[in-house]
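Trainee: Sending over upload_5.cif (mmCIF, C-alpha atoms).
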data_input
loop_
_atom_site.label_atom_id
_atom_site.label_comp_id
_atom_site.auth_asym_id
_atom_site.auth_seq_id
_atom_site.Cartn_x
_atom_site.Cartn_y
_atom_site.Cartn_z
CA MET Q 7 0.00 0.00 0.00
CA THR Q 8 1.67 3.21 -1.14
CA GLY Q 9 1.26 6.69 0.32
CA GLY Q 10 -1.83 7.81 -1.58
CA GLU Q 11 -3.67 4.57 -1.03
CA ALA Q 12 -2.80 4.58 2.67
CA THR Q 13 -4.25 8.09 3.01
CA LEU Q 14 -7.38 7.01 1.16
CA PHE Q 15 -7.66 3.97 3.40
CA TRP Q 16 -7.35 5.96 6.61
CA VAL Q 17 -9.96 8.44 5.41
CA ILE Q 18 -12.44 5.93 4.05
CA ALA Q 19 -12.11 3.06 6.52
CA PRO Q 20 -13.34 5.10 9.54
CA ALA Q 21 -16.16 6.43 7.37
CA MET Q 22 -17.18 2.87 6.50
CA VAL Q 23 -17.04 1.72 10.11
CA LEU Q 24 -19.06 4.77 11.18
CA GLY Q 25 -21.63 4.02 8.48
CA ALA Q 26 -21.87 0.42 9.63
CA LEU Q 27 -22.31 1.60 13.23
CA GLY Q 28 -25.04 3.92 11.98
CA LEU Q 29 -26.77 0.87 10.56
CA LEU Q 30 -26.44 -0.77 13.96
CA PHE Q 31 -27.66 2.13 16.08
CA ALA Q 32 -30.00 4.20 13.88
CA HIS Q 33 -33.58 4.20 15.18
CA LYS Q 34 -35.29 4.69 11.85
CA ALA Q 35 -34.98 2.34 8.90
CA VAL Q 36 -34.41 5.27 6.51
CA HIS Q 37 -31.36 6.47 8.45
CA ALA Q 38 -30.02 2.91 8.50
CA ALA Q 39 -30.50 2.70 4.72
CA MET Q 40 -28.66 5.98 4.17
CA SER Q 41 -25.67 4.93 6.28
CA MET Q 42 -25.69 1.61 4.44
CA ALA Q 43 -25.54 3.52 1.14
CA LEU Q 44 -22.49 5.39 2.48
CA VAL Q 45 -20.78 2.06 3.25
CA MET Q 46 -21.61 0.70 -0.20
CA VAL Q 47 -20.27 3.72 -2.11
CA SER Q 48 -17.09 3.77 0.01
CA MET Q 49 -16.71 0.05 -0.65
CA GLY Q 50 -16.83 0.75 -4.39
CA VAL Q 51 -14.11 3.40 -4.00
CA VAL Q 52 -11.97 0.91 -2.07
CA TYR Q 53 -12.38 -1.67 -4.85
CA ILE Q 54 -11.29 0.84 -7.47
CA ALA Q 55 -8.26 1.72 -5.33
CA GLN Q 56 -7.47 -2.00 -5.15
CA GLN Q 57 -7.09 -2.35 -8.95
CA ALA Q 58 -10.54 -3.94 -9.22
CA GLU Q 59 -12.10 -1.18 -11.29
CA PHE Q 60 -14.85 -3.27 -12.85
CA VAL Q 61 -15.97 -4.74 -9.53
CA GLY Q 62 -15.92 -1.24 -8.00
CA VAL Q 63 -18.07 0.24 -10.74
CA ILE Q 64 -20.50 -2.68 -10.53
CA GLN Q 65 -20.57 -2.26 -6.75
CA ILE Q 66 -21.62 1.37 -7.07
CA PHE Q 67 -24.10 0.68 -9.90
CA VAL Q 68 -25.72 -2.46 -8.57
CA TYR Q 69 -25.46 -2.03 -4.82
CA SER Q 70 -25.73 1.68 -4.21
CA GLY Q 71 -27.86 2.23 -7.29
CA ALA Q 72 -30.25 -0.67 -7.51
CA VAL Q 73 -30.23 -2.60 -4.25
CA MET Q 74 -30.26 0.37 -1.88
CA MET Q 75 -32.99 2.08 -3.87
CA LEU Q 76 -35.01 -1.13 -3.67
CA PHE Q 77 -34.50 -1.05 0.10
CA LEU Q 78 -35.67 2.57 0.24
CA PHE Q 79 -38.74 1.72 -1.83
CA VAL Q 80 -39.68 -1.07 0.56
CA VAL Q 81 -39.03 1.23 3.55
CA MET Q 82 -41.49 3.68 1.99
CA LEU Q 83 -44.05 0.93 1.34
CA VAL Q 84 -43.78 -0.67 4.76
CA GLY Q 85 -43.84 2.65 6.58
CA VAL Q 86 -41.08 5.08 7.40
CA ASP Q 87 -41.74 5.10 11.12
CA ALA Q 88 -41.66 1.31 11.58
CA SER Q 89 -39.04 1.65 14.28
CA ASP Q 90 -37.56 -1.05 16.46
CA SER Q 91 -39.23 -2.36 19.56
CA LEU Q 92 -36.86 -2.56 22.49
CA VAL Q 93 -38.53 -5.63 23.97
CA GLU Q 94 -36.21 -8.61 24.21
CA THR Q 95 -38.04 -11.76 23.18
CA LEU Q 96 -35.15 -13.93 24.27
CA LYS Q 97 -33.80 -12.90 27.62
CA GLY Q 98 -30.29 -11.44 27.51
CA GLN Q 99 -30.07 -11.83 23.75
CA ARG Q 100 -28.59 -8.37 23.21
CA LEU Q 101 -25.87 -8.89 25.81
CA TRP Q 102 -24.94 -12.29 24.43
CA ALA Q 103 -24.90 -10.95 20.88
CA TYR Q 104 -22.44 -8.21 21.85
CA LEU Q 105 -20.27 -10.64 23.82
CA LEU Q 106 -20.15 -13.14 20.95
CA ALA Q 107 -19.42 -10.39 18.44
CA ALA Q 108 -16.54 -9.15 20.57
CA ALA Q 109 -15.24 -12.71 20.89
CA PHE Q 110 -15.54 -13.19 17.14
CA VAL Q 111 -13.73 -10.00 16.27
CA VAL Q 112 -10.90 -10.83 18.68
CA VAL Q 113 -10.53 -14.39 17.38
CA ALA Q 114 -10.72 -13.39 13.72
CA MET Q 115 -8.24 -10.55 14.11
CA ALA Q 116 -5.84 -12.74 16.08
CA GLY Q 117 -6.16 -15.35 13.35
CA VAL Q 118 -5.40 -12.84 10.61
CA ALA Q 119 -2.53 -11.37 12.61
CA SER Q 120 -0.92 -14.78 13.16
CA VAL Q 121 -0.72 -15.44 9.40
CA THR Q 122 2.37 -14.25 7.54
CA PHE Q 123 1.21 -13.18 4.12
CA ARG Q 124 3.81 -13.24 1.39
CA GLU Q 125 4.68 -10.10 -0.53
CA PRO Q 126 1.52 -9.04 -2.47
CA VAL Q 127 1.84 -9.88 -6.16
CA GLY Q 128 -0.48 -7.20 -7.50
CA LEU Q 129 -2.69 -7.49 -10.53
CA ALA Q 130 -0.55 -5.64 -13.08
CA ALA Q 131 0.70 -8.88 -14.70
CA VAL Q 132 -2.74 -10.47 -14.93
CA GLN Q 133 -4.45 -7.34 -16.18
CA GLU Q 134 -2.00 -6.59 -19.01
CA GLU Q 135 -4.75 -6.73 -21.61
CA GLY Q 136 -6.93 -4.40 -19.58
CA THR Q 137 -9.02 -4.80 -16.45
CA VAL Q 138 -12.31 -5.71 -18.06
CA THR Q 139 -10.75 -7.97 -20.70
CA ALA Q 140 -8.90 -9.99 -18.10
CA LEU Q 141 -12.06 -10.33 -16.04
CA ALA Q 142 -14.08 -11.29 -19.12
CA ARG Q 143 -11.55 -14.04 -19.96
CA GLU Q 144 -11.88 -15.33 -16.42
CA ILE Q 145 -15.70 -15.26 -16.41
CA PHE Q 146 -16.45 -16.45 -19.94
CA GLU Q 147 -13.69 -19.04 -20.24
CA ARG Q 148 -12.86 -20.58 -16.90
CA GLN Q 149 -16.04 -19.85 -14.93
CA VAL Q 150 -18.57 -19.97 -17.75
CA PHE Q 151 -20.59 -22.80 -16.18
CA GLY Q 152 -20.96 -20.92 -12.89
CA PHE Q 153 -21.92 -17.85 -14.87
CA GLU Q 154 -24.75 -19.71 -16.55
CA ILE Q 155 -25.94 -21.14 -13.25
CA LEU Q 156 -26.08 -17.56 -11.98
CA ALA Q 157 -28.21 -16.57 -14.95
CA THR Q 158 -30.64 -19.35 -14.07
CA LEU Q 159 -30.65 -18.20 -10.45
CA LEU Q 160 -31.53 -14.65 -11.51
CA VAL Q 161 -34.43 -15.86 -13.65
CA ILE Q 162 -35.73 -18.03 -10.82
CA SER Q 163 -35.49 -15.17 -8.33
CA VAL Q 164 -37.38 -12.84 -10.65
CA MET Q 165 -40.14 -15.45 -10.96
CA GLY Q 166 -40.16 -15.87 -7.17
CA ALA Q 167 -40.44 -12.14 -6.60
CA MET Q 168 -43.31 -11.91 -9.06
CA VAL Q 169 -45.17 -14.77 -7.39
CA LEU Q 170 -44.59 -13.36 -3.90
CA ALA Q 171 -45.44 -9.76 -4.71
CA HIS Q 172 -48.48 -10.61 -6.82
CA HIS Q 173 -51.66 -9.48 -5.14
CA GLU Q 174 -54.90 -11.30 -5.92
CA ARG Q 175 -57.87 -8.93 -5.87
CA LEU Q 176 -60.44 -10.34 -3.45
CA ARG Q 177 -63.27 -7.85 -3.92
CA PRO Q 178 -64.29 -5.50 -6.76
CA VAL Q 179 -62.66 -2.09 -7.06
CA MET Q 180 -64.40 0.72 -5.16
CA ASN Q 181 -64.85 3.36 -7.84
CA GLN Q 182 -66.61 6.70 -7.40
CA ARG Q 183 -70.09 5.37 -8.16
CA ALA Q 184 -69.72 2.44 -5.76
CA THR Q 185 -68.45 4.77 -3.02
CA SER Q 186 -71.36 7.16 -3.49
CA ASN Q 187 -73.91 4.32 -3.52
CA ALA Q 188 -72.40 2.91 -0.33
CA THR Q 189 -72.57 6.34 1.32
CA VAL Q 190 -76.24 6.75 0.48
CA ARG Q 191 -77.08 3.20 1.63
CA SER Q 192 -75.26 3.70 4.93
CA MET Q 193 -77.43 6.81 5.69
CA LYS Q 194 -74.45 8.31 7.57
CA TRP Q 195 -72.96 11.75 6.79
CA LEU Q 196 -74.98 12.05 3.60
CA ALA Q 197 -74.19 15.77 3.32
CA GLY Q 198 -70.61 15.35 4.38
CA LYS Q 199 -69.09 15.73 7.80
CA PRO Q 200 -69.32 19.08 9.68
CA ASN Q 201 -66.59 21.67 9.12
CA PRO Q 202 -64.07 22.55 11.80
CA GLY Q 203 -65.10 25.27 14.23
CA VAL Q 204 -64.72 28.97 13.43
CA TYR Q 205 -64.13 31.14 16.49
CA ALA Q 206 -63.43 34.78 17.09
CA ARG Q 207 -59.69 34.35 17.57
CA HIS Q 208 -59.04 30.94 16.08
CA ASN Q 209 -59.88 29.32 12.83
CA ALA Q 210 -57.90 26.18 12.05
CA ALA Q 211 -58.52 22.60 10.97
CA ASP Q 212 -57.59 21.25 14.40
CA THR Q 213 -60.35 23.04 16.34
CA PRO Q 214 -63.55 21.00 16.47
CA ALA Q 215 -66.93 22.57 15.93
CA LEU Q 216 -69.44 22.79 18.78
CA LEU Q 217 -72.69 20.86 18.82
CA PRO Q 218 -75.88 22.76 19.78
CA ASP Q 219 -75.39 21.65 23.40
CA GLY Q 220 -71.87 23.11 23.48
CA THR Q 221 -69.81 19.90 23.35
CA PRO Q 222 -67.06 19.64 20.70
CA THR Q 223 -67.59 17.05 17.96
CA GLU Q 224 -64.68 14.97 16.76
CA GLU Q 225 -66.21 14.38 13.33
CA SER Q 226 -65.46 17.97 12.33
CA VAL Q 227 -61.70 17.42 12.62
CA PRO Q 228 -59.57 15.34 10.20
CA ARG Q 229 -59.30 11.83 11.64
CA VAL Q 230 -55.51 11.85 11.27
CA LEU Q 231 -55.33 14.66 13.82
CA VAL Q 232 -57.69 12.75 16.13
CA ALA Q 233 -55.49 9.64 15.86
CA ARG Q 234 -52.37 11.66 16.62
CA GLY Q 235 -54.07 13.41 19.56
CA GLN Q 236 -53.47 16.83 18.03
CA VAL Q 237 -57.02 18.14 18.35
CA ALA Q 238 -57.03 21.57 20.03
CA SER Q 239 -59.10 22.17 23.12
CA VAL Q 240 -61.97 24.48 22.25
CA THR Q 241 -63.06 25.72 25.65
CA GLU Q 242 -60.88 28.88 25.68
CA TYR Q 243 -61.74 29.82 22.09
CA ALA Q 244 -65.44 29.25 22.71
CA ALA Q 245 -65.26 31.43 25.85
CA VAL Q 246 -63.56 34.24 23.90
CA THR Q 247 -66.15 33.96 21.16
CA GLU Q 248 -68.99 34.23 23.65
CA SER Q 249 -67.46 37.26 25.40
CA THR Q 250 -66.93 39.04 22.06
CA ASP Q 251 -70.50 38.33 21.16
CA GLU Q 252 -71.64 39.97 24.38
CA GLY Q 253 -69.13 42.88 24.22
CA ASN Q 254 -69.93 44.51 20.87
CA ALA Q 255 -73.16 44.00 19.11
CA PRO Q 256 -72.34 42.02 15.98
CA ASN Q 257 -75.49 43.07 14.17
CA THR Q 258 -74.33 46.66 13.68
CA ASP Q 259 -71.04 45.44 12.24
CA LEU Q 260 -72.83 43.30 9.71
CA GLU Q 261 -75.05 46.19 8.64
CA ALA Q 262 -72.07 48.50 8.28
CA ASP Q 263 -70.36 45.91 6.16
CA SER Q 264 -73.33 45.40 3.89
CA GLU Q 265 -73.76 49.18 3.50
CA GLY Q 266 -70.14 49.54 2.54
CA GLU Q 267 -70.50 46.84 -0.07
CA GLY Q 268 -73.64 48.43 -1.43
CA GLN Q 269 -71.93 51.80 -1.94
CA SER Q 270 -68.98 50.36 -3.75
CA MET W 99 0.96 -0.91 6.67
CA THR W 100 0.22 -3.71 4.23
CA LEU W 101 -2.85 -5.05 2.49
CA VAL W 102 -3.79 -6.87 5.70
CA ALA W 103 -5.42 -3.62 6.83
CA TYR W 104 -8.21 -4.28 4.34
CA ILE W 105 -8.73 -7.73 5.86
CA TYR W 106 -9.02 -6.18 9.32
CA LEU W 107 -11.55 -3.68 7.97
CA ALA W 108 -13.53 -6.53 6.41
CA THR W 109 -13.51 -8.38 9.75
CA ILE W 110 -14.85 -5.34 11.59
CA LEU W 111 -17.57 -4.76 9.00
CA PHE W 112 -18.56 -8.43 9.06
CA THR W 113 -18.87 -8.35 12.85
CA ILE W 114 -21.01 -5.23 12.78
CA GLY W 115 -23.23 -6.84 10.14
CA ALA W 116 -23.64 -9.95 12.27
CA LEU W 117 -24.47 -7.75 15.26
CA VAL W 118 -27.13 -5.97 13.24
CA VAL W 119 -28.67 -9.32 12.29
CA LEU W 120 -28.60 -10.49 15.91
CA THR W 121 -29.84 -7.39 17.72
CA ARG W 122 -32.14 -5.42 15.42
CA ARG W 123 -35.86 -6.19 15.25
CA ASN W 124 -36.84 -4.45 12.03
CA THR W 125 -36.82 -6.95 9.15
CA ILE W 126 -35.47 -4.46 6.63
CA VAL W 127 -32.58 -3.45 8.89
CA VAL W 128 -31.79 -7.12 9.57
CA PHE W 129 -31.69 -7.63 5.84
CA MET W 130 -29.29 -4.73 5.42
CA GLY W 131 -27.08 -6.39 8.03
CA VAL W 132 -26.92 -9.48 5.82
CA GLU W 133 -25.94 -7.24 2.91
CA LEU W 134 -23.20 -5.69 5.03
CA MET W 135 -21.79 -9.14 5.83
CA LEU W 136 -21.79 -10.05 2.13
CA ASN W 137 -20.01 -6.80 1.31
CA ALA W 138 -17.37 -7.43 3.95
CA THR W 139 -16.62 -10.85 2.44
CA ASN W 140 -16.43 -9.22 -0.99
CA LEU W 141 -13.82 -6.81 0.33
CA ALA W 142 -11.76 -9.71 1.67
CA LEU W 143 -12.10 -11.55 -1.66
CA VAL W 144 -10.94 -8.56 -3.69
CA THR W 145 -8.01 -8.00 -1.33
CA PHE W 146 -6.95 -11.65 -1.54
CA SER W 147 -7.20 -11.45 -5.31
CA ARG W 148 -4.73 -8.57 -5.27
CA MET W 149 -2.44 -10.34 -2.79
CA HIS W 150 -2.19 -13.49 -4.87
CA GLY W 151 -2.14 -11.85 -8.27
CA THR W 152 -5.05 -13.84 -9.71
CA LEU W 153 -8.51 -12.69 -10.72
CA ASP W 154 -10.41 -15.48 -8.98
CA GLY W 155 -11.28 -13.30 -6.02
CA GLN W 156 -12.75 -10.57 -8.20
CA VAL W 157 -14.84 -13.08 -10.12
CA TYR W 158 -16.14 -14.56 -6.89
CA ALA W 159 -16.93 -11.07 -5.62
CA LEU W 160 -18.99 -10.46 -8.75
CA PHE W 161 -20.78 -13.79 -8.28
CA VAL W 162 -21.52 -12.91 -4.65
CA MET W 163 -23.00 -9.62 -5.84
CA VAL W 164 -25.32 -11.43 -8.25
CA VAL W 165 -26.44 -13.85 -5.56
CA ALA W 166 -26.97 -10.92 -3.17
CA ALA W 167 -29.09 -9.11 -5.75
CA ALA W 168 -31.26 -12.20 -6.26
CA GLU W 169 -31.54 -12.63 -2.50
CA VAL W 170 -32.56 -8.99 -2.02
CA VAL W 171 -35.29 -9.29 -4.63
CA VAL W 172 -36.83 -12.41 -3.10
CA GLY W 173 -36.30 -11.26 0.49
CA LEU W 174 -37.93 -7.90 -0.02
CA ALA W 175 -40.86 -9.58 -1.76
CA ILE W 176 -41.25 -11.85 1.27
CA ILE W 177 -41.06 -8.86 3.63
CA MET W 178 -43.75 -7.11 1.62
CA SER W 179 -46.10 -10.08 1.56
CA ILE W 180 -45.66 -10.55 5.32
CA PHE W 181 -46.37 -6.85 5.78
CA ARG W 182 -49.49 -7.18 3.67
CA ALA W 183 -50.78 -10.11 5.71
CA ARG W 184 -49.75 -9.04 9.22
CA ARG W 185 -49.23 -5.25 8.99
CA THR W 186 -45.82 -5.52 10.65
CA ALA W 187 -42.15 -5.30 9.74
CA SER W 188 -40.85 -6.74 12.98
CA VAL W 189 -39.13 -10.11 13.10
CA ASP W 190 -40.84 -10.90 16.40
CA ASP W 191 -44.39 -10.58 15.10
CA SER W 192 -44.15 -13.27 12.43
CA ASN W 193 -44.69 -16.06 14.94
CA LEU W 194 -47.47 -18.15 13.42
CA LEU W 195 -45.29 -21.28 13.51
CA LYS W 196 -44.49 -20.80 17.21
CA LEU W 197 -45.90 -23.36 19.62
#
Show me, as structure tokens, the structure contained in the file I just sent.
Mentor:
Amino acid sequence: MTGGEATLFWVIAPAMVLGALGLLFAHKAVHAAMSMALVMVSMGVVYIAQQAEFVGVIQIFVYSGAVMMLFLFVVMLVGVDASDSLVETLKGQRLWAYLLAAAFVVVAMAGVASVTFREPVGLAAVQEEGTVTALAREIFERQVFGFEILATLLVISVMGAMVLAHHERLRPVMNQRATSNATVRSMKWLAGKPNPGVYARHNAADTPALLPDGTPTEESVPRVLVARGQVASVTEYAAVTESTDEGNAPNTDLEADSEGEGQS
Amino acid sequence: MTLVAYIYLATILFTIGALVVLTRRNTIVVFMGVELMLNATNLALVTFSRMHGTLDGQVYALFVMVVAAAEVVVGLAIIMSIFRARRTASVDDSNLLKL
């Protein structure tokens, strides 16, 4: 490893380890996917630095380009906020996992350190014809049978993905007419749900309207806000509205307004 | 500072990938841990290929990539069909076969 490559290694190796740790510790799947993409791209750069240009380019194209985007698509489909539960199904599993991983890393590193590697040969002699040509000779001459098996594997996996992701429709599609018919038959909210409340000092989608008896009605607020518990309390706004009603007579204001409009 | 540094890096990345598989509960993240382990082995293969001056390691790295791509396609399809049936992406909730 010469000077430039050593510098590259010491810049990119910590970045890769940090990205991998991000995958380990990130709470959200999207963050994990992004740190994984960092690791993949850095891995491609390392391959190119190691005289494996073709493998590096394929790494960036296939892994960072296709595979990680596939992961992001599935994260979007499954739900961005599908975060981890911290419940341990097996007791002490986390602790044991960390202990075993530490043991593994120690054993593997000691094993690698105990080996004396001979002086690296380098790929210059093998790749005289060019990187891709040498690799093509290897794949299409020596390993051609394995290559064809891989082609079969890809076809089978595509078929498997199609079978697994295919979704049989169990009931007819709900189009606009069917939805409207169902609404009329249900005899519920035929004229639509009530609008959110409008008060003297507040007018927003999260403030429920008041029923004639003065209680707020949840149907006037978008159900997403109800599910998130973000519905505003109406008591203070309703009180302000009542006091304004008592304070200045609203009828005169309305008349003044209508006169003004009439003149203009 | 020799090429062994790359092997050490691959070891660390492989361990972190295995840890992700063992400790995380989100199926997609577990799957990414598997991918990280495959990538770490690829790094070791490419480094060995350079050490020994043959292209075998690079070819095997390419083959591993193809297998990983096939695995990702099928695995993500399985994750999606489980999500469709059970509305969950957690490895603990797919326990229909449990006694």
Trainee: Could you list, as a PyMOL selection string, every residue matched by the PyMOL selection byres ((chain W and resi 156-170) around 9) in this structure?
Mentor: (chain Q and resi 58+60-61+64-65+68-69+72-73+76-77+141+144-145+149+152-153+156-157+159-164) or (chain W and resi 129+133+136-137+139-141+143-148+152-155+171-175)
Trainee: Enter the distance from CA of Thr113 (chain W) to CA of Leu96 (chain Q), in Å, rounded to one decimal.
Mentor: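 So the answer is 20.7 Å.
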Trainee: Please build the interface table for chain Q against chain W with a cut-off of 7 Å, listing for each qualifying residue the nearest atom pair and the distance in Å to one decimal; count only C-alpha atoms, order rows by chain and increasing number, and write it as a Markdown table.
Mentor:
| residue | atom | partner | partner_atom | distance |
| --- | --- | --- | --- | --- |
| Q:Met7 | CA | W:Thr100 | CA | 5.6 |
| Q:Ala19 | CA | W:Leu107 | CA | 6.9 |
| Q:Val23 | CA | W:Leu111 | CA | 6.6 |
| Q:Ala26 | CA | W:Ile114 | CA | 6.5 |
| Q:Leu27 | CA | W:Ile114 | CA | 7.0 |
| Q:Leu30 | CA | W:Val118 | CA | 5.3 |
| Q:Ala35 | CA | W:Val127 | CA | 6.3 |
| Q:Ala38 | CA | W:Val127 | CA | 6.9 |
| Q:Val61 | CA | W:Leu160 | CA | 6.5 |
| Q:Val73 | CA | W:Ala167 | CA | 6.8 |
| Q:Val84 | CA | W:Phe181 | CA | 6.8 |
| Q:Ala88 | CA | W:Ala187 | CA | 6.9 |
| Q:Ser89 | CA | W:Asn124 | CA | 6.9 |
| Q:Asp90 | CA | W:Arg123 | CA | 5.5 |
| Q:Ser91 | CA | W:Arg123 | CA | 6.7 |
| Q:Arg100 | CA | W:Thr121 | CA | 5.7 |
| Q:Ala103 | CA | W:Leu120 | CA | 6.2 |
| Q:Tyr104 | CA | W:Leu117 | CA | 6.9 |
| Q:Ala107 | CA | W:Thr113 | CA | 6.0 |
| Q:Val111 | CA | W:Thr113 | CA | 6.4 |
| Q:Ala114 | CA | W:Thr109 | CA | 7.0 |
| Q:Met115 | CA | W:Tyr106 | CA | 6.5 |
| Q:Pro126 | CA | W:Met149 | CA | 4.2 |
| Q:Val127 | CA | W:Gly151 | CA | 4.9 |
| Q:Gly128 | CA | W:Arg148 | CA | 5.0 |
| Q:Leu129 | CA | W:Gly151 | CA | 4.9 |
| Q:Val132 | CA | W:Thr152 | CA | 6.6 |
| Q:Leu141 | CA | W:Leu153 | CA | 6.8 |
| Q:Ile145 | CA | W:Val157 | CA | 6.7 |
| Q:Leu160 | CA | W:Ala168 | CA | 5.8 |
| Q:Ser163 | CA | W:Ala168 | CA | 5.6 |
| Q:Gly166 | CA | W:Val172 | CA | 6.3 |
| Q:Ala167 | CA | W:Val172 | CA | 5.0 |
| Q:Leu170 | CA | W:Ala175 | CA | 5.7 |
| Q:Ala171 | CA | W:Ala175 | CA | 5.5 |
Trainee: CA of Gln236 (chain Q) to CA of Thr213 (chain Q): how many Å, to one decimal?
Mentor: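 It comes out at 9.4 Å.
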Trainee: Quick one, how far is CA of Met22 (chain Q) from CA of Val45 (chain Q)?
Mentor: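 The value is 4.9 Å.
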Trainee: Could I get region 45-59 of chain Q rebuilt with N, CA and C atoms, written as a compact mmCIF listing (two decimals), in the frame of the given file?
Mentor:
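Written output follows (selection08.txt):
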# COMPACT_ATOMS: atom_id res chain seq x y z
N VAL Q 45 -21.73 3.19 3.21
CA VAL Q 45 -20.78 2.06 3.25
C VAL Q 45 -20.59 1.48 1.87
N MET Q 46 -21.70 1.34 1.12
CA MET Q 46 -21.61 0.70 -0.20
C MET Q 46 -20.78 1.53 -1.16
N VAL Q 47 -21.02 2.86 -1.19
CA VAL Q 47 -20.27 3.72 -2.11
C VAL Q 47 -18.79 3.71 -1.72
N SER Q 48 -18.49 3.80 -0.41
CA SER Q 48 -17.09 3.77 0.01
C SER Q 48 -16.45 2.45 -0.38
N MET Q 49 -17.23 1.37 -0.27
CA MET Q 49 -16.71 0.05 -0.65
C MET Q 49 -16.33 0.04 -2.13
N GLY Q 50 -17.16 0.65 -2.97
CA GLY Q 50 -16.83 0.75 -4.39
C GLY Q 50 -15.54 1.52 -4.61
N VAL Q 51 -15.34 2.62 -3.87
CA VAL Q 51 -14.11 3.40 -4.00
C VAL Q 51 -12.91 2.55 -3.60
N VAL Q 52 -13.07 1.76 -2.52
CA VAL Q 52 -11.97 0.91 -2.07
C VAL Q 52 -11.63 -0.13 -3.14
N TYR Q 53 -12.65 -0.70 -3.78
CA TYR Q 53 -12.38 -1.67 -4.85
C TYR Q 53 -11.58 -1.03 -5.97
N ILE Q 54 -11.99 0.18 -6.37
CA ILE Q 54 -11.29 0.84 -7.47
C ILE Q 54 -9.84 1.12 -7.07
N ALA Q 55 -9.62 1.49 -5.80
CA ALA Q 55 -8.26 1.72 -5.33
C ALA Q 55 -7.47 0.43 -5.30
N GLN Q 56 -8.16 -0.71 -5.22
CA GLN Q 56 -7.47 -2.00 -5.15
C GLN Q 56 -7.31 -2.64 -6.51
N GLN Q 57 -7.28 -1.87 -7.57
CA GLN Q 57 -7.09 -2.35 -8.95
C GLN Q 57 -8.22 -3.25 -9.40
N ALA Q 58 -9.39 -3.16 -8.77
CA ALA Q 58 -10.54 -3.94 -9.22
C ALA Q 58 -11.59 -2.97 -9.74
N GLU Q 59 -11.24 -2.27 -10.82
CA GLU Q 59 -12.10 -1.18 -11.29
C GLU Q 59 -13.49 -1.67 -11.65
